[in-house]
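Below is one structure, written out as structure tokens; comments come after it.
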Amino acid sequence: MASRPTSNRVAGIVFLFALLSTLPILWRVVLPLLDGQNWPKHAPHLPLVLTHAWGGLAMLTFGAAALYIGWTRRRFRYHRWFGYAYLTLGGVSASAALALSIEAPHEPRSLYLATGTLAAVWLAFGAMALRAALNRRFESHRQWMVRSYVLTWTFVGCRIATMVDFYPWLGAESTTAAIWINWIVPLMICEIALQWRAGTKV
């Protein structure tokens with residue numbers, strides 16, 4: 001069984017990787033949307049897209065801050081407010097993503113089933129995290145927040161799925177398959193990591 005310092009070190013490396021891996025996607029995808037470069041192709045549903053984009057940026061920022069404070073206990077008096085900001089603005093962003101998924105404005109429309117499910121699961125996990133915190137079940141809260149932020153981070157893989165043809169033999173459905181895999185597999189790995197110690201020898 002890994003020692004606590006080793007576990008913390010691994011968690012720190014994973015957390016740093018998550019932060020750094022978002023930067024190229026922010027540069028390639030999010031910033032061109034926020035500065036207006038890609039507004040024309042989203043004109044019919046631009047308010048939803050911008051709400052999702054700005055909310056997603058807030059999710060990444062406030063979620064990282066809340067996790068870091070909760071993990072290190074530094075400036076802990078701010079932890080609750082960063083958490084509320086993450087859940088509130090993240091909820092707005094995920095709701096916008098769910099609305100876009102229902103509208104399904106671009107082809108292949110099947111990919112919106114994957115993104116809509118992701119948005120719904122994020123909302124459910126966020127609600128579970130908030131419920132645990134309000135009931136002062138802080139270990140449960142921590143685990144739900146970690147799961148939630150993993151789903152927040154999977155936007156990196158989902159955006160890469162729209163730029164890289166991972167499964168060319170699937171034709172038009174390649175993007176849909178990649179989005180499913182790119183959010184479910186990280187969540188599965190996260191769940192194994194969270195439950196690993198619970199399954200070790202007593």
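As shown in the structure tokens, the chain order sets the letters A, B, ...; within each chain, residues go from 1, and ligands are also counted from 1 in the order they appear.
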
Test item: residues at most 6 Å from region 94-105 of chain A, only C-alpha atoms, excluding those fewer than 4 positions along its chain, as a list of chain:residue names: A:Leu48, A:His52, A:Gly90, A:Arg109, A:Tyr112, A:Gly116, A:Ala119

Surrounding residues of Ala53 (chain A) excluding itself and chain neighbours under 5 positions, 10 Å, only C-alpha atoms, as a PyMOL selection string: chain A and resi 26+29-31+33-34+47-48+58-59+93-94+96-97

How about saving the chosen residues, C-alpha atoms kept, as a compact mmCIF listing (two decimals), in the first residue's frame?
```txt
# COMPACT_ATOMS: atom_id res chain seq x y z
CA LEU A 26 -7.87 27.18 -24.08
CA VAL A 29 -10.59 26.52 -28.85
CA VAL A 30 -11.82 28.77 -26.06
CA LEU A 31 -10.02 32.05 -26.76
CA LEU A 33 -14.60 31.76 -29.35
CA LEU A 34 -14.46 34.39 -26.63
CA PRO A 47 -25.76 33.05 -26.34
CA LEU A 48 -25.73 29.40 -25.23
CA ALA A 58 -14.85 29.72 -14.52
CA MET A 59 -15.29 26.01 -13.71
CA SER A 93 -22.19 26.17 -17.98
CA ALA A 94 -23.35 22.55 -17.79
CA ALA A 96 -26.05 25.58 -21.29
CA ALA A 97 -24.19 22.52 -22.61
```

Expected answer as a VMD selection string: alpha helix (DSSP H) residues in region 25-99 of chain A: chain A and resid 25 31 to 34 46 to 72 79 to 99

Residue contacts of region 169-183 of chain A (6 Å, only C-alpha atoms) excluding same-chain residues fewer than 5 positions away, as a list in words: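 So, after excluding close chain neighbours, the residues are Leu111, Ala114, Thr154, Gly157, Cys158, Ala161 and Thr162 of chain A.
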
Could those selected residues go to a file with C-alpha atoms, as a PDB file, in the first residue's frame?
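Okay, part13.pdb is ready:
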```pdb
ATOM      1  CA  LEU A 111     -22.210  13.466 -30.527  1.00  0.00           C
ATOM      2  CA  ALA A 114     -22.422  12.040 -25.448  1.00  0.00           C
ATOM      3  CA  THR A 154     -12.456  15.989 -19.673  1.00  0.00           C
ATOM      4  CA  GLY A 157     -10.289  15.285 -24.336  1.00  0.00           C
ATOM      5  CA  CYS A 158     -13.701  16.140 -25.750  1.00  0.00           C
ATOM      6  CA  ALA A 161     -11.956  14.582 -30.158  1.00  0.00           C
ATOM      7  CA  THR A 162     -13.424  17.280 -32.410  1.00  0.00           C
TER       8      THR A 162
END
```

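Among A:Val164, A:Val150, A:Lys201, A:Gly36, the residue with the shortest atom-to-atom distance to Leu187 (chain A), counting only C-alpha atoms, is A:Val150.
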
Long-range neighbours of Phe62 (chain A) as a count of residues only, 9 Å cut-off, only C-alpha atoms, 2 positions minimum in chain: 14

Residue among A:Leu151, A:Ser110, A:Arg73, A:Arg80 lying closest to Leu134 (chain A), counting only C-alpha atoms: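 Residue with the minimum atom-to-atom distance to Leu134 (chain A): A:Arg80.
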
Two-atom distance - CA of His141 (chain A), CA of Ile13 (chain A) (Å): 21.8 Å

Among listed residues A:Met163, A:Val202, A:Val156, A:Arg74, nearest Pro186 (chain A) (using only C-alpha atoms): A:Val156

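Between CA of Arg137 (chain A) and CA of His79 (chain A) there is a distance of 15.4 Å.
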
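Comparing A:His106, A:Thr88, A:Arg75, A:Gly63 by their smallest distance to His45 (chain A), the closest is A:His106 (using only C-alpha atoms).
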
Atom-to-atom span, CA of Tyr68 (chain A) and CA of Asn135 (chain A), Å: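 So the answer is 21.8 Å.
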